[in-house]
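Heads up, the thing below is written out as structure tokens.
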Amino acid sequence: MTPQQAAALIFARGDNPRVVVSGNGAVPWTMIAAIDAAVPEYRLFLLNGPAGLPDRDGVTLESAFVGSGMRKSPRLEYYPARLSHVPRYFIKGFLGVDAVVVHTSEPWHGNLSLGNEVNILPGVIEAAKASGALLIAQTNPTMPYTFGDAEYEIDTFDVIVPSDQPLQPHAWKPPPPGGPVDRVESARVIGDLVSSRVSNGSTLQLGIGEIPDATLAGLSKKRKLGIWTEMISDGILTLDEAGALDMGRLITASFVFGSLDLYQWLNRNPRVRLMRTETTNAPALISQNPGMTSINTALQVDLLDQANASRINARIHSGFGGQTDFTVGAMHAPGGQAIMALRSWHPKANVSTIVPLLDEPVTSLQHTCVITENGVAECAGRSEKQQAANLIEQAAHPSIRAELWEEARNMGLA
């Protein structure tokens, strides 16, 4: 069908249908444009929605992980959930679904692939099939064909919409140097400290951004590394080219977000398996990986080693994502560790990221250690007083330490 014909079928589903679409780097822009033109009022559910989404009266943007294209919308409805639980909201019927639009590869051997975005989609597709919802695949010759839970027989879908709109790569750029805590230099120091804790043969949860990228120089010198992660980005190319990865272990992830070079590497790559989020983010499965090392960041960490990575002034910024899943799984893995890595000073807000007690909801807690450009604050196995002391002396910015010690005494932590 044409996009317009498929959108007409969604319009026929009734008033204010809920449409679930691929998110992150796989947004089906062709179909979204057609839906927005044909359906006056609808609910659009996706993860990490980028800029460019329809945001008008009549459109409700829904997500369990909020992206830049949804964050400031007055029509945003956020569903708090660990990422591993989001598919259950659909499978158990908490969230009904009227149509699912996935961005897929072109057919290959009778199958389509969800490409660079598997994530919650298999669970949503199952819920949609059980309820009789409409299943639409927008195919694309530039979408990589991936294996694992990404593969579906063509006749799984009610409608196929051919599209040739190129994928939009994620163009992350490092920040300029300067500021109270030099962003470039602090990221380099943090990256060195993080990578120094990773042993040969460890399993990594990799993310995207300044801190994960800064760990690559050190990680590239390691050998026999495994990858079990929620997402992979261009850092995987660096590790692969450096010979740091264990060629005998499958690279396991749930979605891929990065450059066109990364997507080309991903296409029909037998070493990569993209699995549903209930698998990649299950703490019990994460904990089975040797030396499982999760590397996460946060907006704030308090003296009780509680991290806020979700909210600013009580307003949702992103969401839980997989941070809680991987923190718990890594802490239970043989030789595992959950690392919280962040700058000691927030460059935009111009405030300390190490605070006495969080004012915002907790995203994760009780990590192995907290790493800033000032050092490593060991937390696991320490008393609450020693934990607080380590955070103040080893992680906090020197200018805030006296104030933190005073607050620690008021809290009975010193």
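Labels used: A, B, ... for chains in the order of the structure tokens, numbers from 1 for residues in each chain, and numbers from 1 for ligands as shown.
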
Once you count only C-alpha atoms, what closest atom pair and distance in Å to one decimal does each residue of segment 56-120 of chain A within 12 Å of segment 347-363 of chain A have, with rows by chain and rising residue number, as a Markdown table?
```
| residue | atom | partner | partner_atom | distance |
| --- | --- | --- | --- | --- |
| A:Pro80 | CA | A:Thr363 | CA | 10.6 |
| A:Ala81 | CA | A:Thr363 | CA | 10.4 |
| A:Arg82 | CA | A:Thr363 | CA | 9.4 |
```

Which polymer residues have any atom within 9 Å of an atom of segment 376-381 of chain A, counting only C-alpha atoms, with same-chain residues fewer than 2 positions away left out, as an mmCIF file with C-alpha atoms, in the first residue's frame?
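Generated file (out-v5.cif):
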```cif
data_model
loop_
_atom_site.group_PDB
_atom_site.id
_atom_site.type_symbol
_atom_site.label_atom_id
_atom_site.label_comp_id
_atom_site.auth_asym_id
_atom_site.auth_seq_id
_atom_site.Cartn_x
_atom_site.Cartn_y
_atom_site.Cartn_z
ATOM 1 C CA LEU A 193 39.366 5.626 35.506
ATOM 2 C CA VAL A 194 36.433 3.570 34.228
ATOM 3 C CA ASP A 305 24.626 6.546 46.756
ATOM 4 C CA GLN A 366 23.800 1.155 45.634
ATOM 5 C CA HIS A 367 26.394 0.970 42.896
ATOM 6 C CA THR A 368 29.828 -0.599 43.082
ATOM 7 C CA CYS A 369 31.425 2.823 42.832
ATOM 8 C CA VAL A 370 30.899 6.401 41.717
ATOM 9 C CA ILE A 371 33.543 7.864 39.413
ATOM 10 C CA THR A 372 34.105 11.534 38.628
ATOM 11 C CA GLU A 373 37.139 13.412 37.326
ATOM 12 C CA ASN A 374 38.255 13.658 40.978
ATOM 13 C CA SER A 383 29.160 1.416 55.735
ATOM 14 C CA GLU A 384 26.919 4.380 55.089
ATOM 15 C CA GLN A 386 32.387 5.389 54.871
ATOM 16 C CA GLN A 387 30.323 5.531 51.688
ATOM 17 C CA ALA A 388 29.462 9.183 52.322
ATOM 18 C CA ALA A 389 33.085 9.996 53.168
ATOM 19 C CA ASN A 390 34.295 8.391 49.950
ATOM 20 C CA LEU A 391 31.759 10.315 47.889
ATOM 21 C CA ILE A 392 32.782 13.610 49.466
ATOM 22 C CA GLU A 393 36.555 13.145 49.346
ATOM 23 C CA GLN A 394 36.954 11.082 46.165
ATOM 24 C CA ALA A 395 34.055 12.160 43.898
#
```

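The closest residue to Ser22 of chain A, picked from A:Lys222, A:His103, A:Arg273, A:His346 and counting only C-alpha atoms, is A:His103.
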
Segment 12-111 of chain A residues near segment 120-134 of chain A within 7 Å, closest pair each, using only C-alpha atoms, as JSON lines:
```
{"residue": "A:Val86", "atom": "CA", "partner": "A:Ile120", "partner_atom": "CA", "distance": 6.8}
{"residue": "A:Pro87", "atom": "CA", "partner": "A:Gly123", "partner_atom": "CA", "distance": 5.0}
{"residue": "A:Phe90", "atom": "CA", "partner": "A:Ala127", "partner_atom": "CA", "distance": 5.9}
{"residue": "A:Ile91", "atom": "CA", "partner": "A:Ala127", "partner_atom": "CA", "distance": 4.9}
{"residue": "A:Val97", "atom": "CA", "partner": "A:Ala128", "partner_atom": "CA", "distance": 6.2}
{"residue": "A:Asp98", "atom": "CA", "partner": "A:Ala133", "partner_atom": "CA", "distance": 4.8}
{"residue": "A:Ala99", "atom": "CA", "partner": "A:Leu134", "partner_atom": "CA", "distance": 4.5}
{"residue": "A:Val100", "atom": "CA", "partner": "A:Leu134", "partner_atom": "CA", "distance": 6.2}
```

Task: Non-local contacts of segment 135-152 of chain A (8 Å; only C-alpha atoms; under 6 positions in same chain excluded) as a VMD selection string - done: chain A and resid 6 28 31 99 to 106 111 to 118 122 125 128 to 129 158 to 167 263 to 264 266 to 270 272 to 276

Run DSSP on the backbone and give me the residues of segment 96-160 of chain A it puts in helix (DSSP H, G or I), as a PDB file with all heavy atoms, in the first residue's frame.
```
ATOM      1  N   LEU A 121       9.450  -3.834  20.806  1.00  0.00           N
ATOM      2  CA  LEU A 121       8.531  -4.087  19.691  1.00  0.00           C
ATOM      3  C   LEU A 121       8.007  -5.521  19.618  1.00  0.00           C
ATOM      4  O   LEU A 121       6.827  -5.716  19.308  1.00  0.00           O
ATOM      5  CB  LEU A 121       9.191  -3.680  18.375  1.00  0.00           C
ATOM      6  CG  LEU A 121       9.473  -2.177  18.243  1.00  0.00           C
ATOM      7  CD1 LEU A 121      10.257  -1.884  16.969  1.00  0.00           C
ATOM      8  CD2 LEU A 121       8.174  -1.367  18.264  1.00  0.00           C
ATOM      9  N   PRO A 122       8.814  -6.579  19.874  1.00  0.00           N
ATOM     10  CA  PRO A 122       8.230  -7.926  19.831  1.00  0.00           C
ATOM     11  C   PRO A 122       7.062  -8.109  20.791  1.00  0.00           C
ATOM     12  O   PRO A 122       6.046  -8.723  20.438  1.00  0.00           O
ATOM     13  CB  PRO A 122       9.414  -8.822  20.204  1.00  0.00           C
ATOM     14  CG  PRO A 122      10.606  -8.071  19.703  1.00  0.00           C
ATOM     15  CD  PRO A 122      10.284  -6.630  20.005  1.00  0.00           C
ATOM     16  N   GLY A 123       7.173  -7.567  22.002  1.00  0.00           N
ATOM     17  CA  GLY A 123       6.069  -7.667  22.947  1.00  0.00           C
ATOM     18  C   GLY A 123       4.845  -6.918  22.469  1.00  0.00           C
ATOM     19  O   GLY A 123       3.708  -7.383  22.625  1.00  0.00           O
ATOM     20  N   VAL A 124       5.060  -5.744  21.875  1.00  0.00           N
ATOM     21  CA  VAL A 124       3.947  -4.960  21.346  1.00  0.00           C
ATOM     22  C   VAL A 124       3.291  -5.686  20.175  1.00  0.00           C
ATOM     23  O   VAL A 124       2.058  -5.715  20.058  1.00  0.00           O
ATOM     24  CB  VAL A 124       4.431  -3.557  20.917  1.00  0.00           C
ATOM     25  CG1 VAL A 124       3.299  -2.775  20.253  1.00  0.00           C
ATOM     26  CG2 VAL A 124       4.964  -2.788  22.118  1.00  0.00           C
ATOM     27  N   ILE A 125       4.091  -6.287  19.294  1.00  0.00           N
ATOM     28  CA  ILE A 125       3.539  -7.035  18.160  1.00  0.00           C
ATOM     29  C   ILE A 125       2.707  -8.204  18.648  1.00  0.00           C
ATOM     30  O   ILE A 125       1.616  -8.474  18.108  1.00  0.00           O
ATOM     31  CB  ILE A 125       4.687  -7.499  17.235  1.00  0.00           C
ATOM     32  CG1 ILE A 125       5.298  -6.291  16.503  1.00  0.00           C
ATOM     33  CG2 ILE A 125       4.203  -8.532  16.229  1.00  0.00           C
ATOM     34  CD1 ILE A 125       6.561  -6.603  15.734  1.00  0.00           C
ATOM     35  N   GLU A 126       3.171  -8.915  19.669  1.00  0.00           N
ATOM     36  CA  GLU A 126       2.392 -10.021  20.224  1.00  0.00           C
ATOM     37  C   GLU A 126       1.052  -9.532  20.772  1.00  0.00           C
ATOM     38  O   GLU A 126       0.004 -10.160  20.548  1.00  0.00           O
ATOM     39  CB  GLU A 126       3.185 -10.716  21.322  1.00  0.00           C
ATOM     40  CG  GLU A 126       4.378 -11.517  20.813  1.00  0.00           C
ATOM     41  CD  GLU A 126       5.238 -12.055  21.935  1.00  0.00           C
ATOM     42  OE1 GLU A 126       4.810 -11.977  23.109  1.00  0.00           O
ATOM     43  OE2 GLU A 126       6.337 -12.555  21.636  1.00  0.00           O
ATOM     44  N   ALA A 127       1.092  -8.421  21.495  1.00  0.00           N
ATOM     45  CA  ALA A 127      -0.141  -7.867  22.039  1.00  0.00           C
ATOM     46  C   ALA A 127      -1.077  -7.431  20.921  1.00  0.00           C
ATOM     47  O   ALA A 127      -2.300  -7.618  20.998  1.00  0.00           O
ATOM     48  CB  ALA A 127       0.175  -6.688  22.958  1.00  0.00           C
ATOM     49  N   ALA A 128      -0.521  -6.852  19.864  1.00  0.00           N
ATOM     50  CA  ALA A 128      -1.336  -6.393  18.748  1.00  0.00           C
ATOM     51  C   ALA A 128      -1.996  -7.556  18.021  1.00  0.00           C
ATOM     52  O   ALA A 128      -3.181  -7.491  17.660  1.00  0.00           O
ATOM     53  CB  ALA A 128      -0.459  -5.597  17.774  1.00  0.00           C
ATOM     54  N   LYS A 129      -1.249  -8.631  17.814  1.00  0.00           N
ATOM     55  CA  LYS A 129      -1.828  -9.803  17.138  1.00  0.00           C
ATOM     56  C   LYS A 129      -2.942 -10.423  17.976  1.00  0.00           C
ATOM     57  O   LYS A 129      -3.972 -10.852  17.458  1.00  0.00           O
ATOM     58  CB  LYS A 129      -0.736 -10.834  16.858  1.00  0.00           C
ATOM     59  CG  LYS A 129       0.243 -10.422  15.758  1.00  0.00           C
ATOM     60  CD  LYS A 129       1.289 -11.479  15.493  1.00  0.00           C
ATOM     61  CE  LYS A 129       0.671 -12.707  14.801  1.00  0.00           C
ATOM     62  NZ  LYS A 129       0.232 -12.416  13.436  1.00  0.00           N
ATOM     63  N   ALA A 130      -2.731 -10.454  19.294  1.00  0.00           N
ATOM     64  CA  ALA A 130      -3.744 -11.058  20.179  1.00  0.00           C
ATOM     65  C   ALA A 130      -5.025 -10.241  20.207  1.00  0.00           C
ATOM     66  O   ALA A 130      -6.118 -10.798  20.380  1.00  0.00           O
ATOM     67  CB  ALA A 130      -3.174 -11.187  21.593  1.00  0.00           C
ATOM     68  N   SER A 131      -4.916  -8.932  20.022  1.00  0.00           N
ATOM     69  CA  SER A 131      -6.097  -8.070  20.111  1.00  0.00           C
ATOM     70  C   SER A 131      -6.695  -7.712  18.759  1.00  0.00           C
ATOM     71  O   SER A 131      -7.712  -7.027  18.691  1.00  0.00           O
ATOM     72  CB  SER A 131      -5.727  -6.777  20.853  1.00  0.00           C
ATOM     73  OG  SER A 131      -4.801  -6.004  20.095  1.00  0.00           O
ATOM     74  N   ILE A 154       7.151 -12.336   6.505  1.00  0.00           N
ATOM     75  CA  ILE A 154       6.464 -11.196   5.890  1.00  0.00           C
ATOM     76  C   ILE A 154       4.974 -11.201   6.219  1.00  0.00           C
ATOM     77  O   ILE A 154       4.377 -10.153   6.493  1.00  0.00           O
ATOM     78  CB  ILE A 154       6.673 -11.205   4.361  1.00  0.00           C
ATOM     79  CG1 ILE A 154       8.136 -10.911   4.025  1.00  0.00           C
ATOM     80  CG2 ILE A 154       5.786 -10.163   3.684  1.00  0.00           C
ATOM     81  CD1 ILE A 154       8.458 -10.967   2.551  1.00  0.00           C
ATOM     82  N   ASP A 155       4.370 -12.395   6.217  1.00  0.00           N
ATOM     83  CA  ASP A 155       2.915 -12.435   6.424  1.00  0.00           C
ATOM     84  C   ASP A 155       2.515 -12.183   7.874  1.00  0.00           C
ATOM     85  O   ASP A 155       1.327 -12.236   8.214  1.00  0.00           O
ATOM     86  CB  ASP A 155       2.327 -13.750   5.910  1.00  0.00           C
ATOM     87  CG  ASP A 155       2.879 -14.973   6.619  1.00  0.00           C
ATOM     88  OD1 ASP A 155       3.600 -14.812   7.616  1.00  0.00           O
ATOM     89  OD2 ASP A 155       2.587 -16.105   6.171  1.00  0.00           O
ATOM     90  N   THR A 156       3.480 -11.880   8.736  1.00  0.00           N
ATOM     91  CA  THR A 156       3.140 -11.410  10.087  1.00  0.00           C
ATOM     92  C   THR A 156       2.379 -10.090  10.008  1.00  0.00           C
ATOM     93  O   THR A 156       1.520  -9.803  10.853  1.00  0.00           O
ATOM     94  CB  THR A 156       4.421 -11.208  10.933  1.00  0.00           C
ATOM     95  OG1 THR A 156       5.134 -12.441  11.016  1.00  0.00           O
ATOM     96  CG2 THR A 156       4.095 -10.708  12.336  1.00  0.00           C
TER      97      THR A 156
END
```

Task: Members of segment 187-330 of chain A assigned strand (DSSP E or B) by DSSP, as a PyMOL selection string - done: chain A and resi 203-205+225-228+231-232+245+251-253+255-256+272-274+292-296+300-302+306-308+311-312+315-316

Task: Selection: 12 Å around Arg249 of chain A, only C-alpha atoms, excl. self and same-chain fewer than 6 positions, as a PyMOL selection string - done: chain A and resi 201-203+224-228+270-273+289-290

Could you write out that same residue set with N, CA and C atoms as a short mmCIF file (atom, residue, chain, number, x, y, z; two decimals), in the first residue's frame?
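New file again.cif:
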```cif
data_model
loop_
_atom_site.label_atom_id
_atom_site.label_comp_id
_atom_site.auth_asym_id
_atom_site.auth_seq_id
_atom_site.Cartn_x
_atom_site.Cartn_y
_atom_site.Cartn_z
N GLY A 201 38.32 -10.08 29.25
CA GLY A 201 37.29 -11.10 29.38
C GLY A 201 36.00 -10.62 30.02
N SER A 202 35.97 -9.35 30.43
CA SER A 202 34.75 -8.80 31.03
C SER A 202 33.65 -8.63 29.98
N THR A 203 32.42 -8.46 30.46
CA THR A 203 31.27 -8.19 29.61
C THR A 203 30.82 -6.77 29.87
N LYS A 224 39.33 -9.97 24.58
CA LYS A 224 38.29 -10.96 24.89
C LYS A 224 37.08 -10.34 25.59
N LEU A 225 36.76 -9.09 25.26
CA LEU A 225 35.60 -8.44 25.86
C LEU A 225 34.32 -8.96 25.24
N GLY A 226 33.30 -9.13 26.06
CA GLY A 226 31.97 -9.48 25.59
C GLY A 226 31.06 -8.27 25.66
N ILE A 227 29.98 -8.31 24.89
CA ILE A 227 29.01 -7.21 24.89
C ILE A 227 27.63 -7.78 25.17
N TRP A 228 27.04 -7.36 26.27
CA TRP A 228 25.63 -7.64 26.58
C TRP A 228 25.07 -6.30 27.05
N PRO A 270 26.62 -11.73 11.28
CA PRO A 270 26.28 -12.94 12.04
C PRO A 270 26.76 -12.91 13.49
N ARG A 271 27.60 -11.95 13.83
CA ARG A 271 28.11 -11.87 15.21
C ARG A 271 27.17 -11.10 16.13
N VAL A 272 26.13 -10.48 15.57
CA VAL A 272 25.24 -9.62 16.36
C VAL A 272 23.86 -10.24 16.45
N ARG A 273 23.30 -10.24 17.64
CA ARG A 273 21.92 -10.65 17.86
C ARG A 273 21.18 -9.52 18.56
N ASN A 289 26.52 -13.13 32.93
CA ASN A 289 27.67 -12.76 32.12
C ASN A 289 28.90 -12.55 33.00
N PRO A 290 30.03 -13.18 32.65
CA PRO A 290 31.24 -13.03 33.48
C PRO A 290 31.76 -11.61 33.46
#
```

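From atom CA of Asn296 of chain A back to atom CA of Arg223 of chain A, the distance works out to 21.7 Å.
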
- [ ] Would you kindly return, as a ChimeraX atom specification, each protein, DNA or RNA residue with an atom no farther than 10 Å from any atom of Leu239 of chain A, considering only C-alpha atoms and excluding same-chain residues fewer than 2 positions away?
- [x] /A:216-217,219-223,225,234-237,241-245

Using only C-alpha atoms, tabulate the residues of segment 122-241 of chain A lying at most 10 Å from any atom of segment 315-322 of chain A, each with its closest atom pair and that distance in Å to one decimal, by chain and increasing residue number, as CSV.
```
residue,atom,partner,partner_atom,distance
A:Thr229,CA,A:Gly322,CA,9.2
A:Glu230,CA,A:Gly322,CA,6.9
A:Met231,CA,A:Gly322,CA,9.6
```

Those residues with all heavy atoms, as a JSON list (two decimals), in the first residue's frame please?
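Printed below is part-v8.json as written:
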```json
[["chain", "number", "residue", "atom", "x", "y", "z"],
["A", 229, "THR", "N", 24.28, -5.67, 26.23],
["A", 229, "THR", "CA", 23.92, -4.28, 26.49],
["A", 229, "THR", "C", 22.54, -3.98, 25.95],
["A", 229, "THR", "O", 22.01, -4.71, 25.10],
["A", 229, "THR", "CB", 24.97, -3.36, 25.84],
["A", 229, "THR", "OG1", 24.70, -2.00, 26.16],
["A", 229, "THR", "CG2", 24.99, -3.52, 24.32],
["A", 230, "GLU", "N", 21.97, -2.92, 26.46],
["A", 230, "GLU", "CA", 20.68, -2.46, 25.94],
["A", 230, "GLU", "C", 20.85, -1.88, 24.54],
["A", 230, "GLU", "O", 20.07, -2.16, 23.63],
["A", 230, "GLU", "CB", 20.14, -1.40, 26.89],
["A", 230, "GLU", "CG", 18.81, -0.79, 26.50],
["A", 230, "GLU", "CD", 18.40, 0.24, 27.53],
["A", 230, "GLU", "OE1", 18.28, -0.12, 28.72],
["A", 230, "GLU", "OE2", 18.21, 1.41, 27.15],
["A", 231, "MET", "N", 21.88, -1.07, 24.36],
["A", 231, "MET", "CA", 22.12, -0.46, 23.05],
["A", 231, "MET", "C", 23.60, -0.51, 22.70],
["A", 231, "MET", "O", 24.46, -0.60, 23.58],
["A", 231, "MET", "CB", 21.65, 0.99, 23.04],
["A", 231, "MET", "CG", 22.51, 1.93, 23.86],
["A", 231, "MET", "SD", 22.28, 3.67, 23.47],
["A", 231, "MET", "CE", 23.00, 3.73, 21.83]]
```

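Look at segment 48-57 of chain A: the protein and nucleic acid residues within 6 Å of it, using only C-alpha atoms and passing over chain neighbours fewer than 2 places away, are Gly23, Asn24, Val59, Phe65, Val66, Gly67, Ser68 and Gly69 of chain A.
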
Restricting the output to N, CA, C and O atoms, write the selected residues as a compact mmCIF listing (two decimals), in the first residue's frame.
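Written file, part-v6.txt:
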```txt
# COMPACT_ATOMS: atom_id res chain seq x y z
N GLY A 23 11.17 3.46 17.60
CA GLY A 23 11.76 4.69 18.13
C GLY A 23 13.24 4.78 17.89
O GLY A 23 13.79 4.13 17.00
N ASN A 24 13.92 5.58 18.71
CA ASN A 24 15.36 5.78 18.62
C ASN A 24 15.78 6.13 17.19
O ASN A 24 15.30 7.10 16.64
N VAL A 59 -2.73 15.41 19.02
CA VAL A 59 -1.70 14.38 19.10
C VAL A 59 -1.20 14.29 20.54
O VAL A 59 -0.75 15.28 21.12
N PHE A 65 10.36 6.26 27.80
CA PHE A 65 11.67 6.87 27.81
C PHE A 65 11.61 8.07 26.88
O PHE A 65 11.42 7.92 25.67
N VAL A 66 11.74 9.26 27.44
CA VAL A 66 11.42 10.50 26.75
C VAL A 66 12.63 11.02 25.98
O VAL A 66 13.72 11.17 26.54
N GLY A 67 12.42 11.31 24.70
CA GLY A 67 13.48 11.87 23.86
C GLY A 67 13.31 13.36 23.65
O GLY A 67 12.34 13.98 24.12
N SER A 68 14.22 13.94 22.91
CA SER A 68 14.25 15.39 22.72
C SER A 68 13.03 15.91 21.98
O SER A 68 12.64 17.07 22.16
N GLY A 69 12.39 15.08 21.15
CA GLY A 69 11.22 15.52 20.41
C GLY A 69 9.93 15.49 21.20
O GLY A 69 8.87 15.88 20.69
```

Open item on the list: Report, in Å to a single decimal, how far apart atom CA of Ser310 of chain A and atom CA of Tyr79 of chain A are.
Closed with: 12.2 Å

Task: d(atom CA of Asn308 of chain A, atom CA of Thr327 of chain A) in Å - done: 13.3 Å

Task: All residues 10 Å or closer to His85 of chain A, only C-alpha atoms, same chain fewer than 6 positions away omitted, as a list of chain:residue names - done: A:Ala64, A:Ile120, A:Thr277, A:Glu278, A:Asn281, A:Ala282, A:Gly322, A:Asp325

Go ahead and save the residues from that selection, with all heavy atoms, as an mmCIF file, in the first residue's frame.
```
data_model
loop_
_atom_site.group_PDB
_atom_site.id
_atom_site.type_symbol
_atom_site.label_atom_id
_atom_site.label_comp_id
_atom_site.auth_asym_id
_atom_site.auth_seq_id
_atom_site.Cartn_x
_atom_site.Cartn_y
_atom_site.Cartn_z
ATOM 1 N N ALA A 64 7.784 5.675 27.536
ATOM 2 C CA ALA A 64 8.373 5.250 28.802
ATOM 3 C C ALA A 64 9.833 5.671 28.885
ATOM 4 O O ALA A 64 10.488 5.452 29.898
ATOM 5 C CB ALA A 64 8.263 3.736 28.955
ATOM 6 N N ILE A 120 11.228 -2.959 22.662
ATOM 7 C CA ILE A 120 9.926 -3.395 23.176
ATOM 8 C C ILE A 120 9.019 -3.928 22.075
ATOM 9 O O ILE A 120 7.927 -4.440 22.363
ATOM 10 C CB ILE A 120 9.202 -2.241 23.895
ATOM 11 C CG1 ILE A 120 8.809 -1.138 22.901
ATOM 12 C CG2 ILE A 120 10.061 -1.678 25.019
ATOM 13 C CD1 ILE A 120 7.876 -0.077 23.471
ATOM 14 N N THR A 277 13.711 -6.610 24.630
ATOM 15 C CA THR A 277 14.208 -5.988 25.855
ATOM 16 C C THR A 277 13.979 -6.854 27.091
ATOM 17 O O THR A 277 14.729 -6.774 28.062
ATOM 18 C CB THR A 277 13.548 -4.600 26.040
ATOM 19 O OG1 THR A 277 14.200 -3.928 27.107
ATOM 20 C CG2 THR A 277 12.069 -4.716 26.371
ATOM 21 N N GLU A 278 12.964 -7.718 27.063
ATOM 22 C CA GLU A 278 12.748 -8.629 28.199
ATOM 23 C C GLU A 278 13.915 -9.589 28.366
ATOM 24 O O GLU A 278 14.120 -10.133 29.455
ATOM 25 C CB GLU A 278 11.465 -9.443 28.022
ATOM 26 C CG GLU A 278 10.199 -8.625 27.865
ATOM 27 C CD GLU A 278 9.803 -8.481 26.409
ATOM 28 O OE1 GLU A 278 10.675 -8.107 25.587
ATOM 29 O OE2 GLU A 278 8.645 -8.770 26.089
ATOM 30 N N ASN A 281 17.479 -6.982 29.057
ATOM 31 C CA ASN A 281 17.406 -6.202 30.291
ATOM 32 C C ASN A 281 16.947 -7.010 31.494
ATOM 33 O O ASN A 281 16.664 -6.433 32.544
ATOM 34 C CB ASN A 281 16.471 -4.995 30.101
ATOM 35 C CG ASN A 281 17.081 -3.911 29.247
ATOM 36 O OD1 ASN A 281 17.634 -4.185 28.190
ATOM 37 N ND2 ASN A 281 16.986 -2.680 29.696
ATOM 38 N N ALA A 282 16.869 -8.311 31.367
ATOM 39 C CA ALA A 282 16.481 -9.140 32.500
ATOM 40 C C ALA A 282 17.654 -9.256 33.466
ATOM 41 O O ALA A 282 18.708 -9.805 33.109
ATOM 42 C CB ALA A 282 16.069 -10.525 32.021
ATOM 43 N N GLY A 322 17.178 1.437 31.074
ATOM 44 C CA GLY A 322 17.672 0.156 31.563
ATOM 45 C C GLY A 322 18.638 0.285 32.716
ATOM 46 O O GLY A 322 19.246 -0.710 33.120
ATOM 47 N N ASP A 325 17.838 -2.041 35.649
ATOM 48 C CA ASP A 325 18.012 -3.435 35.253
ATOM 49 C C ASP A 325 19.485 -3.832 35.259
ATOM 50 O O ASP A 325 19.868 -4.878 35.802
ATOM 51 C CB ASP A 325 17.443 -3.667 33.846
ATOM 52 C CG ASP A 325 15.944 -3.458 33.765
ATOM 53 O OD1 ASP A 325 15.241 -3.816 34.726
ATOM 54 O OD2 ASP A 325 15.467 -2.941 32.737
#
```
